[in-house]
$ cat run-v3.cif   # mmCIF, C-alpha atoms
data_final
loop_
_atom_site.label_atom_id
_atom_site.label_comp_id
_atom_site.auth_asym_id
_atom_site.auth_seq_id
_atom_site.Cartn_x
_atom_site.Cartn_y
_atom_site.Cartn_z
CA MET L 79 -12.13 63.89 -33.14
CA ASP L 80 -10.97 67.44 -32.48
CA PHE L 81 -13.01 70.61 -32.08
CA LYS L 82 -12.63 71.51 -35.75
CA GLU L 83 -13.93 68.14 -36.84
CA ILE L 84 -16.90 68.41 -34.46
CA LYS L 85 -17.65 71.84 -35.88
CA GLU L 86 -17.52 70.41 -39.40
CA LEU L 87 -19.80 67.59 -38.33
CA ILE L 88 -22.34 70.00 -36.86
CA LYS L 89 -22.35 71.94 -40.12
CA LEU L 90 -22.82 68.74 -42.11
CA VAL L 91 -25.68 67.48 -39.94
CA ASP L 92 -27.32 70.90 -40.08
CA LYS L 93 -27.30 70.93 -43.86
CA SER L 94 -28.26 67.29 -44.30
CA ASN L 95 -31.55 65.54 -43.80
CA ILE L 96 -30.12 63.64 -40.88
CA SER L 97 -31.89 64.22 -37.61
CA GLU L 98 -29.64 62.28 -35.31
CA ILE L 99 -26.10 60.96 -35.63
CA LYS L 100 -24.12 58.93 -33.11
CA ILE L 101 -20.44 58.31 -33.58
CA ARG L 102 -18.26 56.08 -31.49
CA ARG L 103 -14.53 55.72 -31.94
CA GLY L 104 -13.00 53.75 -29.13
CA ASP L 105 -13.87 55.65 -25.93
CA PHE L 106 -14.92 58.73 -27.82
CA ARG L 107 -18.67 59.17 -28.28
CA ILE L 108 -20.71 61.96 -29.68
CA THR L 109 -24.42 62.35 -30.44
CA LEU L 110 -25.81 65.19 -32.53
CA ARG L 111 -29.53 65.77 -32.75
CA THR L 112 -31.39 68.34 -34.76
CA LYS L 113 -34.41 70.36 -33.68
CA GLU L 114 -36.61 68.18 -35.87
CA PHE L 115 -35.48 65.08 -34.06
CA THR L 116 -36.13 66.41 -30.59
CA GLU L 117 -39.51 67.74 -31.64
CA ALA L 118 -40.40 64.45 -33.18
CA ILE L 119 -39.67 62.64 -29.97
CA GLY L 120 -41.71 65.18 -28.03
CA ASN L 121 -38.95 67.01 -26.25
CA THR L 122 -40.04 70.63 -26.28
CA LYS L 123 -37.48 71.90 -23.81
CA THR L 124 -34.66 72.16 -26.30
CA ARG L 125 -34.65 75.07 -28.67
CA GLN L 126 -31.29 74.99 -30.35
CA ASN L 127 -31.13 73.74 -33.85
CA ILE L 128 -28.36 71.34 -33.02
CA ILE L 129 -27.68 69.98 -29.60
CA PRO L 130 -24.37 68.24 -29.14
CA ILE L 131 -24.87 66.04 -26.12
CA SER L 132 -23.44 62.86 -24.64
CA THR L 133 -19.88 62.60 -23.55
CA VAL L 134 -16.94 63.90 -25.42
CA ALA L 135 -13.80 62.01 -24.53
CA PRO L 136 -11.46 64.27 -22.60
CA SER L 137 -7.94 63.21 -23.43
CA MET L 138 -5.80 64.79 -26.11
CA ALA L 139 -4.53 61.31 -27.00
CA GLN L 140 -7.93 60.45 -28.30
CA GLN L 141 -8.01 63.45 -30.52
CA VAL L 142 -4.93 62.41 -32.43
CA ALA L 143 -5.58 58.69 -32.41
CA PRO L 144 -6.38 57.51 -35.94
CA ALA L 145 -9.89 56.25 -36.27
CA THR L 146 -10.08 52.61 -37.19
CA PRO L 147 -13.19 51.64 -39.11
CA GLN L 148 -13.71 48.61 -36.88
CA ASN L 149 -14.26 50.77 -33.81
CA GLU L 150 -16.40 53.26 -35.56
CA GLU L 151 -20.12 53.00 -35.19
CA THR L 152 -22.34 55.37 -36.99
CA VAL L 153 -26.06 55.39 -36.49
CA VAL L 154 -28.16 57.58 -38.68
CA LYS L 155 -31.84 58.03 -38.24
CA ALA L 156 -34.19 59.52 -40.74
CA LYS L 157 -35.39 63.02 -40.31
CA LYS L 158 -38.93 63.33 -39.20
CA GLU L 159 -40.05 65.63 -41.91
CA ASN L 160 -43.24 67.61 -41.42
CA SER L 161 -43.61 65.61 -38.21
CA GLU L 162 -45.44 62.90 -40.13
CA ASP L 163 -45.20 59.36 -38.88
CA LEU L 164 -42.36 57.61 -40.68
CA SER L 165 -42.33 54.49 -38.57
CA HIS L 166 -43.61 52.43 -41.48
CA LEU L 167 -40.44 53.04 -43.48
CA ILE L 168 -38.25 50.01 -44.03
CA GLU L 169 -34.50 50.25 -43.59
CA VAL L 170 -32.34 48.31 -46.04
CA LYS L 171 -29.30 47.30 -44.04
CA SER L 172 -25.83 46.31 -45.14
CA PRO L 173 -25.33 42.55 -44.88
CA MET L 174 -21.55 43.00 -44.56
CA VAL L 175 -18.61 45.29 -43.89
CA GLY L 176 -17.40 46.82 -47.14
CA THR L 177 -17.47 49.74 -49.55
CA PHE L 178 -20.82 51.07 -50.78
CA TYR L 179 -21.26 51.80 -54.49
CA ARG L 180 -24.42 53.30 -55.91
CA SER L 181 -23.75 52.44 -59.54
CA PRO L 182 -22.58 49.30 -61.37
CA SER L 183 -19.39 51.11 -62.44
CA PRO L 184 -18.03 54.66 -62.10
CA ASP L 185 -19.26 55.70 -65.58
CA LYS L 186 -22.80 54.39 -65.10
CA PRO L 187 -25.80 56.03 -63.45
CA PRO L 188 -26.88 54.87 -59.97
CA PHE L 189 -28.93 51.68 -59.69
CA ILE L 190 -31.69 53.68 -58.00
CA ASN L 191 -32.50 57.24 -56.99
CA VAL L 192 -34.79 58.81 -54.42
CA GLY L 193 -38.36 58.58 -55.68
CA ASP L 194 -37.80 55.37 -57.65
CA ILE L 195 -40.15 52.47 -57.11
CA VAL L 196 -38.37 49.20 -56.48
CA ASN L 197 -39.58 45.62 -56.44
CA PRO L 198 -38.07 42.50 -54.89
CA GLY L 199 -35.04 41.45 -56.91
CA ASP L 200 -34.25 44.97 -58.14
CA LYS L 201 -30.63 45.96 -57.66
CA LEU L 202 -30.06 48.68 -55.09
CA CYS L 203 -26.29 48.99 -54.77
CA ILE L 204 -22.97 47.15 -54.69
CA ILE L 205 -21.04 46.44 -51.54
CA GLU L 206 -17.48 45.44 -52.22
CA ALA L 207 -15.70 43.36 -49.62
CA MET L 208 -12.16 42.26 -50.37
CA LYS L 209 -12.69 42.32 -54.16
CA LEU L 210 -15.95 40.40 -53.92
CA PHE L 211 -18.56 42.63 -55.51
CA ASN L 212 -21.97 42.06 -53.98
CA GLU L 213 -25.07 43.37 -55.69
CA ILE L 214 -27.71 43.94 -53.04
CA ASP L 215 -31.25 43.17 -54.16
CA ALA L 216 -34.43 44.72 -52.79
CA GLU L 217 -36.49 42.37 -50.66
CA VAL L 218 -39.63 44.53 -50.55
CA SER L 219 -41.61 46.71 -52.92
CA GLY L 220 -41.77 50.42 -52.27
CA LYS L 221 -40.51 53.88 -52.99
CA ILE L 222 -36.95 54.88 -52.18
CA VAL L 223 -37.32 57.83 -49.82
CA LYS L 224 -33.72 58.20 -48.78
CA VAL L 225 -30.21 57.08 -49.64
CA LEU L 226 -28.34 57.18 -46.34
CA ILE L 227 -24.76 56.52 -47.47
CA ASP L 228 -22.57 58.47 -49.88
CA ASP L 229 -21.21 56.70 -52.93
CA THR L 230 -17.87 54.89 -52.36
CA SER L 231 -18.11 55.25 -48.56
CA PRO L 232 -17.26 52.46 -46.16
CA VAL L 233 -20.19 50.72 -44.50
CA GLU L 234 -20.45 48.59 -41.40
CA PHE L 235 -22.41 45.38 -40.97
CA ASP L 236 -26.10 46.15 -40.33
CA GLN L 237 -25.71 49.84 -41.16
CA ALA L 238 -28.84 51.30 -42.76
CA LEU L 239 -28.31 52.06 -46.47
CA PHE L 240 -31.72 53.08 -47.80
CA LEU L 241 -35.19 53.93 -46.53
CA ILE L 242 -38.06 52.40 -48.47
CA ASP L 243 -41.69 53.42 -48.10
CA PRO L 244 -43.70 50.25 -48.71
CA ASN L 245 -47.06 52.11 -48.60
CA THR L 246 -46.57 53.86 -51.91
CA VAL L 247 -46.95 50.71 -53.98
CA MET E 197 -40.71 30.91 -78.03
CA SER E 198 -40.03 29.89 -74.46
CA GLY E 199 -36.94 31.04 -72.62
CA LYS E 200 -35.67 27.52 -72.24
CA PHE E 201 -35.82 26.89 -75.96
CA ASN E 202 -33.81 30.03 -76.55
CA LEU E 203 -31.06 28.72 -74.35
CA THR E 204 -30.93 25.37 -76.14
CA VAL E 205 -30.52 27.09 -79.49
CA LYS E 206 -27.67 29.17 -78.13
CA VAL E 207 -25.90 26.13 -76.77
CA GLN E 208 -26.12 24.28 -80.07
CA LYS E 209 -25.27 27.11 -82.40
CA LEU E 210 -22.56 28.85 -80.50
CA LEU E 211 -20.57 26.01 -79.06
CA PHE E 212 -17.14 26.80 -80.24
CA SER E 213 -13.81 25.71 -78.87
CA ILE E 214 -15.15 24.00 -75.78
CA ASN E 215 -17.97 22.06 -77.44
CA HIS E 216 -16.65 18.57 -76.89
CA ILE E 217 -16.21 18.94 -73.14
CA LYS E 218 -18.98 17.44 -71.03
CA VAL E 219 -19.00 17.53 -67.25
CA LYS E 220 -21.74 15.83 -65.26
CA GLY E 221 -24.04 18.24 -63.47
CA VAL E 222 -22.51 21.25 -65.20
CA THR E 223 -24.01 23.31 -68.00
CA ILE E 224 -21.39 24.73 -70.34
CA ILE E 225 -22.38 27.52 -72.70
CA SER E 226 -19.76 28.61 -75.16
CA TYR E 227 -19.70 31.77 -77.29
CA LYS E 228 -17.44 33.04 -80.02
CA GLN E 229 -17.79 36.56 -78.78
CA LEU E 230 -19.35 38.28 -75.79
CA ASP E 231 -19.09 41.68 -74.14
CA SER E 232 -18.14 39.92 -70.94
CA THR E 233 -18.82 36.44 -69.58
CA ASN E 234 -19.83 37.89 -66.19
CA GLU E 235 -22.29 40.30 -67.82
CA LYS E 236 -23.73 37.45 -69.90
CA ALA E 237 -24.20 35.44 -66.72
CA LYS E 238 -26.06 38.37 -65.16
CA MET E 239 -28.35 38.65 -68.17
CA LEU E 240 -29.15 34.95 -68.06
CA ILE E 241 -29.79 35.19 -64.31
CA ALA E 242 -32.18 38.10 -64.91
CA GLU E 243 -33.99 35.98 -67.49
CA LYS E 244 -34.07 33.18 -64.93
CA MET E 245 -32.28 30.90 -67.35
CA LEU E 246 -29.28 30.03 -65.33
CA LYS E 247 -28.85 26.90 -63.24
CA ASP E 248 -26.39 26.24 -60.44
CA LYS E 249 -22.99 25.25 -61.86
CA THR E 250 -23.31 26.92 -65.23
CA VAL E 251 -20.14 27.84 -67.07
CA ILE E 252 -20.01 30.57 -69.68
CA VAL E 253 -16.96 30.70 -71.87
CA ALA E 254 -16.05 33.06 -74.70
CA ASP E 255 -13.31 33.07 -77.29
CA GLU E 256 -13.37 36.82 -77.29
CA GLN E 257 -14.58 39.55 -74.92
CA LEU E 258 -15.37 42.99 -76.30
CA ALA E 259 -15.72 44.60 -72.89
CA GLY E 260 -13.98 42.32 -70.42
CA LYS E 261 -14.36 43.38 -66.82
CA GLY E 262 -11.79 43.83 -64.11
CA GLN E 263 -12.35 45.35 -60.70
CA TYR E 264 -15.01 48.05 -60.29
CA GLY E 265 -14.90 50.07 -63.50
CA SER E 266 -11.61 48.66 -64.76
CA LYS E 267 -11.17 46.52 -67.86
CA TRP E 268 -9.81 43.06 -68.55
CA ILE E 269 -8.03 43.18 -71.89
CA ALA E 270 -7.29 39.97 -73.76
CA GLU E 271 -6.65 39.21 -77.42
CA PRO E 272 -9.31 37.06 -79.08
CA ARG E 273 -8.93 33.27 -79.19
CA LYS E 274 -5.64 33.34 -77.30
CA ASN E 275 -6.83 33.32 -73.72
CA LEU E 276 -9.20 31.54 -71.40
CA LEU E 277 -12.15 33.77 -70.56
CA MET E 278 -14.90 32.23 -68.51
CA SER E 279 -17.40 32.60 -65.73
CA ILE E 280 -18.57 29.88 -63.41
CA VAL E 281 -21.92 30.50 -61.75
CA PHE E 282 -22.67 28.86 -58.42
CA ARG E 283 -25.65 29.21 -56.13
CA PRO E 284 -23.90 28.88 -52.77
CA GLY E 285 -26.97 29.13 -50.55
CA PHE E 286 -25.06 27.18 -47.89
CA LEU E 287 -22.39 29.86 -47.54
CA ARG E 288 -22.90 32.62 -44.99
CA ILE E 289 -22.08 36.11 -46.21
CA ASP E 290 -19.39 36.49 -43.56
CA GLN E 291 -17.75 33.34 -44.97
CA GLN E 292 -17.62 34.58 -48.55
CA PHE E 293 -13.87 35.03 -48.54
CA PHE E 294 -13.59 31.24 -48.32
CA LEU E 295 -15.18 31.06 -51.78
CA ASN E 296 -12.49 33.43 -53.03
CA MET E 297 -9.81 31.27 -51.45
CA ALA E 298 -11.25 28.03 -52.83
CA ILE E 299 -11.46 29.41 -56.38
CA SER E 300 -8.04 31.11 -56.27
CA LEU E 301 -6.56 27.78 -55.22
CA ALA E 302 -8.36 25.94 -58.01
CA CYS E 303 -7.01 28.35 -60.63
CA ARG E 304 -3.54 28.20 -59.15
CA LYS E 305 -3.46 24.41 -59.14
CA ALA E 306 -4.91 24.17 -62.64
CA ILE E 307 -2.30 26.50 -64.14
CA ASN E 308 0.47 24.78 -62.24
CA ASN E 309 -0.21 21.65 -64.33
CA PHE E 310 1.14 23.50 -67.35
CA THR E 311 4.31 24.96 -65.92
CA SER E 312 7.24 23.68 -63.90
CA GLU E 313 7.45 26.93 -61.97
CA LYS E 314 5.30 27.52 -58.91
CA VAL E 315 2.14 29.54 -59.47
CA TRP E 316 1.39 31.86 -56.57
CA ILE E 317 -1.69 33.68 -55.35
CA LYS E 318 -1.20 37.37 -54.71
CA TRP E 319 -3.64 38.52 -52.07
CA PRO E 320 -6.54 38.48 -52.52
CA ASN E 321 -6.82 36.69 -55.90
CA ASP E 322 -4.25 37.51 -58.57
CA LEU E 323 -2.44 34.58 -60.17
CA ILE E 324 1.30 35.08 -60.36
CA LEU E 325 3.92 33.15 -62.29
CA GLN E 326 7.55 34.25 -62.27
CA HIS E 327 6.66 37.64 -60.78
CA LYS E 328 4.11 38.30 -63.52
CA LYS E 329 0.33 38.32 -63.45
CA ILE E 330 -0.99 35.59 -65.70
CA GLY E 331 -4.55 35.50 -64.47
CA GLY E 332 -7.20 37.27 -62.50
CA ILE E 333 -10.50 36.54 -60.83
CA LEU E 334 -13.53 38.79 -60.54
CA ILE E 335 -16.28 37.56 -58.24
CA GLU E 336 -19.65 39.25 -58.48
CA GLN E 337 -22.52 38.09 -56.29
CA MET E 338 -26.24 38.65 -56.00
CA ILE E 339 -27.34 39.09 -52.41
CA THR E 340 -30.91 38.93 -51.16
CA GLY E 341 -31.29 39.56 -47.45
CA GLN E 342 -28.66 37.46 -45.73
CA LYS E 343 -28.31 34.98 -48.57
CA ILE E 344 -25.89 34.67 -51.47
CA ASP E 345 -28.25 33.97 -54.33
CA TYR E 346 -25.66 33.69 -57.09
CA SER E 347 -21.87 33.84 -57.26
CA ILE E 348 -20.50 34.72 -60.66
CA ILE E 349 -16.84 33.85 -60.76
CA GLY E 350 -15.13 35.48 -63.71
CA ILE E 351 -11.76 33.99 -64.54
CA GLY E 352 -9.26 35.28 -67.08
CA ILE E 353 -6.08 33.32 -67.79
CA ASN E 354 -3.49 34.65 -70.21
CA VAL E 355 -2.57 31.61 -72.26
CA ASN E 356 -1.21 32.16 -75.78
CA GLN E 357 -1.02 35.93 -75.92
CA GLN E 358 2.41 37.09 -77.10
CA ASN E 359 2.19 40.83 -76.60
CA PHE E 360 0.70 42.98 -73.88
CA PRO E 361 0.08 46.70 -73.93
CA ASP E 362 2.82 48.88 -72.43
CA ALA E 363 0.30 50.01 -69.87
CA LEU E 364 0.30 46.49 -68.42
CA PRO E 365 3.98 45.86 -67.62
CA ARG E 366 3.10 43.21 -65.04
CA ALA E 367 1.03 41.08 -67.40
CA SER E 368 2.35 37.92 -68.95
CA SER E 369 1.10 34.63 -70.37
CA LEU E 370 1.86 30.94 -70.20
CA LEU E 371 3.21 31.18 -73.73
CA ILE E 372 5.72 33.90 -72.85
CA ILE E 373 6.90 32.10 -69.73
CA GLU E 374 6.97 28.54 -71.08
CA ASN E 375 7.93 29.51 -74.62
CA LYS E 376 5.29 27.29 -76.19
CA SER E 377 1.60 27.47 -76.96
CA PHE E 378 -1.16 25.60 -75.15
CA LEU E 379 -4.56 24.22 -76.01
CA ILE E 380 -7.02 26.48 -74.29
CA HIS E 381 -9.57 23.74 -73.77
CA ASP E 382 -6.98 21.68 -71.83
CA ILE E 383 -6.60 24.54 -69.39
CA PHE E 384 -10.36 25.07 -69.31
CA HIS E 385 -10.92 21.43 -68.40
CA GLU E 386 -8.27 21.48 -65.69
CA LEU E 387 -9.61 24.72 -64.28
CA LEU E 388 -13.21 23.57 -64.24
CA SER E 389 -12.52 20.25 -62.56
CA ASN E 390 -10.35 21.90 -59.90
CA SER E 391 -13.00 24.56 -59.29
CA LEU E 392 -15.70 21.92 -58.86
CA ASN E 393 -13.49 19.95 -56.46
CA ASN E 394 -12.71 22.98 -54.37
CA TYR E 395 -16.35 24.04 -54.37
CA GLU E 396 -17.19 20.62 -52.92
CA GLN E 397 -14.59 21.28 -50.23
CA LEU E 398 -16.33 24.52 -49.47
CA GLN E 399 -19.69 22.76 -49.30
CA ALA E 400 -18.16 20.23 -46.93
CA GLN E 401 -17.08 23.22 -44.80
CA ASN E 402 -13.40 22.26 -44.83
CA TYR E 403 -12.59 25.84 -43.97
CA ALA E 404 -9.40 25.21 -42.01
CA GLU E 405 -7.91 23.19 -44.87
CA ILE E 406 -8.89 25.78 -47.47
CA LYS E 407 -7.27 28.52 -45.47
CA GLN E 408 -4.09 26.57 -44.79
CA ASP E 409 -3.81 25.70 -48.47
CA TYR E 410 -4.36 29.36 -49.37
CA LEU E 411 -1.66 30.53 -46.97
CA ASN E 412 0.76 27.91 -48.32
CA HIS E 413 0.38 29.38 -51.80
CA LEU E 414 0.10 33.02 -50.84
CA LEU E 415 2.87 35.22 -52.16
CA GLY E 416 4.76 36.75 -49.24
CA PHE E 417 3.36 34.47 -46.54
CA GLY E 418 5.88 34.15 -43.74
CA LYS E 419 8.37 36.36 -45.54
CA THR E 420 9.50 39.81 -44.59
CA GLN E 421 8.66 42.18 -47.43
CA ASN E 422 8.40 45.90 -48.07
CA TYR E 423 5.01 47.56 -47.86
CA LEU E 424 3.70 51.07 -48.19
CA TRP E 425 1.58 52.02 -45.18
CA ASN E 426 0.35 55.60 -44.69
CA ASP E 427 2.91 56.76 -47.29
CA LYS E 428 5.71 55.19 -45.29
CA ARG E 429 7.86 52.30 -46.38
CA ILE E 430 7.76 49.56 -43.76
CA LYS E 431 8.85 45.96 -43.43
CA GLY E 432 6.12 43.45 -42.68
CA MET E 433 5.41 39.77 -42.74
CA ILE E 434 2.09 38.15 -43.67
CA GLU E 435 1.21 36.11 -40.64
CA ASP E 436 -2.39 35.18 -41.39
CA ILE E 437 -5.61 36.09 -43.16
CA ASP E 438 -8.67 36.73 -41.03
CA ASN E 439 -12.06 35.26 -41.91
CA ASN E 440 -13.04 38.43 -43.75
CA GLY E 441 -9.95 38.12 -45.91
CA LYS E 442 -8.02 40.91 -44.25
CA LEU E 443 -4.27 40.67 -44.27
CA MET E 444 -2.72 40.11 -40.84
CA LEU E 445 0.69 41.68 -41.12
CA ARG E 446 3.38 41.53 -38.48
CA ILE E 447 5.17 44.87 -38.32
CA GLU E 448 7.98 44.88 -35.77
CA ASP E 449 6.43 43.16 -32.78
CA LYS E 450 2.78 43.88 -33.48
CA VAL E 451 0.22 42.27 -35.82
CA HIS E 452 -1.98 44.72 -37.72
CA SER E 453 -4.96 43.93 -39.92
CA PHE E 454 -5.30 45.54 -43.34
CA GLY E 455 -8.01 45.89 -45.94
CA LEU E 456 -7.28 46.21 -49.64
CA LYS E 457 -6.84 49.96 -49.74
CA ASP E 458 -4.98 50.23 -46.46
CA ILE E 459 -1.67 48.87 -47.62
CA GLU E 460 0.41 48.37 -50.73
CA TRP E 461 3.02 45.76 -51.31
CA ILE E 462 6.28 47.02 -52.84
CA PRO E 463 7.63 44.13 -54.92
CA GLU E 464 11.37 43.62 -55.02
CA SER E 465 11.27 42.93 -58.72
CA LYS E 466 10.58 46.06 -60.69
CA ASN E 467 8.57 43.98 -63.12
CA LEU E 468 5.75 43.36 -60.70
#

$ encode --input "run-v3.cif" --output "structure tokens"
Amino acid sequence: MDFKEIKELIKLVDKSNISEIKIRRGDFRITLRTKEFTEAIGNTKTRQNIIPISTVAPSMAQQVAPATPQNEETVVKAKKENSEDLSHLIEVKSPMVGTFYRSPSPDKPPFINVGDIVNPGDKLCIIEAMKLFNEIDAEVSGKIVKVLIDDTSPVEFDQALFLIDPNTV
Amino acid sequence: MSGKFNLTVKVQKLLFSINHIKVKGVTIISYKQLDSTNEKAKMLIAEKMLKDKTVIVADEQLAGKGQYGSKWIAEPRKNLLMSIVFRPGFLRIDQQFFLNMAISLACRKAINNFTSEKVWIKWPNDLILQHKKIGGILIEQMITGQKIDYSIIGIGINVNQQNFPDALPRASSLLIIENKSFLIHDIFHELLSNSLNNYEQLQAQNYAEIKQDYLNHLLGFGKTQNYLWNDKRIKGMIEDIDNNGKLMLRIEDKVHSFGLKDIEWIPESKNL
């Protein structure tokens, strides 16, 4: 990841509702945290809106090395909005490596949107793995508070896809 | 009227070309016309009216499905259009490609009974005869937690169709290749019994055999062929398939692994 890409990433995180993002590609690691995140975890020393920390791999070789999805780990945590306790939210995680689709086909609306109430058995998304199209069903009842992955993006095993608030049902 | 009663009525009234075929432990529901056999299976699943090993077959599909958003086009009453629904609770999600291999092999073997030429599997699950695509498979699954609740295996075999749209230059049929027509229910029967056999193999966890069989019938296995990788033409040889179904391709002296969108095979024949 070069400086330009990091800059882009900072911009993206700043505009998004993401409060913390960790990326690992081979030896390269980066963690971006927003003000909201650091406040939420009680760290009052930091004042910047975005604090790039952790190690940034030094070699130029790393910057040009193509990222392979296998080595890439992305962890996204929900923003602590209005500093309310969000620990009760349930993450729906990807049961496999694949491609994430929000709708049953490109010309159809998404299975679910933020604010929708879902019940066990309701379809949440499709994850395609090697031409096997897997419809992922909800296991709990609750309100969708966040969709964490963009449509048609690759997902890793165990990566969080949605946040569900079970207390709203 | 109970849901179950509904289903019985449908079975009796709409049995069409497949109505005389009975297979123990298998429910066969036949329709003259459906939007799509996979979509019908999903509707029946939603109504909780679908048992393990149910087969849905249609003489005509009005909105046949291919891969995500694409269509499967087939003339009415000339082709085999079916879905087999399994409930493979025994299969781990990370082993799901073995289901694809088992079913691809079943289709391949079934079709090979009707032609003297070898039927090949093009990775991951196209059915190829004489460099042409004569069948395809679309697997859609319902996942709850870490469990495969339902596998809907849509199968389309081009049997007696004479003409294909210009937009599908790679498509062909058994009729075109063998120069004679076939009874669709013969192919249905062959395909179903092979699928059930291979599903039993899967249940028995004969994974190594399934994979070896798949590689033996995989187009390009062990052969040096041209591929398009990062917009560059390269020569590679399929050396293996990993457990997730990725293609292990030897390029020069290194083996690389590829997903579906990472690489494109450049066929030697312009027809494919």

$ interface_residues --input "run-v3.cif" --of "chain L" --to "chain E" --cutoff "12 Å" --atoms "all atoms listed in the file" --output "PyMOL selection string"
chain L and resi 144+146-148+169-186+198-218+230+232+235-236

$ resolve_selection --input "run-v3.cif" --expression "the PyMOL selection byres ((chain E and resi 399) around 10)" --output "number ranges by chain"
E: 284-287, 295, 393-398, 400-403

$ resolve_selection --input "run-v3.cif" --expression "the PyMOL selection byres ((chain E and resi 418-434) around 10)" --output "JSON, numbers by chain"
{"E": [411, 412, 414, 415, 416, 417, 435, 436, 437, 443, 444, 445, 446, 447, 448, 449, 450, 451, 452, 453, 454, 457, 458, 459, 460, 461, 462, 463, 464]}

$ residues_around --input "run-v3.cif" --residues "Ser312 of chain E" --least-positions-apart "2" --cutoff "12 Å" --atoms "only C-alpha atoms" --output "ChimeraX atom specification"
/E:305,307-310,314-315,325-326,370,373-374

$ atom_distance --input "run-v3.cif" --atom1 "atom CA of Ala238 of chain L" --atom2 "atom CA of Lys224 of chain L"
10.4 Å

$ resolve_selection --input "run-v3.cif" --expression "the PyMOL selection byres ((chain E and resi 306) around 12)" --output "PyMOL selection string"
chain E and resi 299-305+307-311+314-316+323+331+353+382-394

$ residues_around --input "run-v3.cif" --residues "segment 356-365 of chain E" --least-positions-apart "2" --cutoff "6 Å" --atoms "all atoms listed in the file" --output "list in words"
Lys274, Ala367, Leu371 and Ser377 of chain E

$ atom_distance --input "run-v3.cif" --atom1 "atom CA of Gly332 of chain E" --atom2 "atom CA of Ala404 of chain E"
23.9 Å
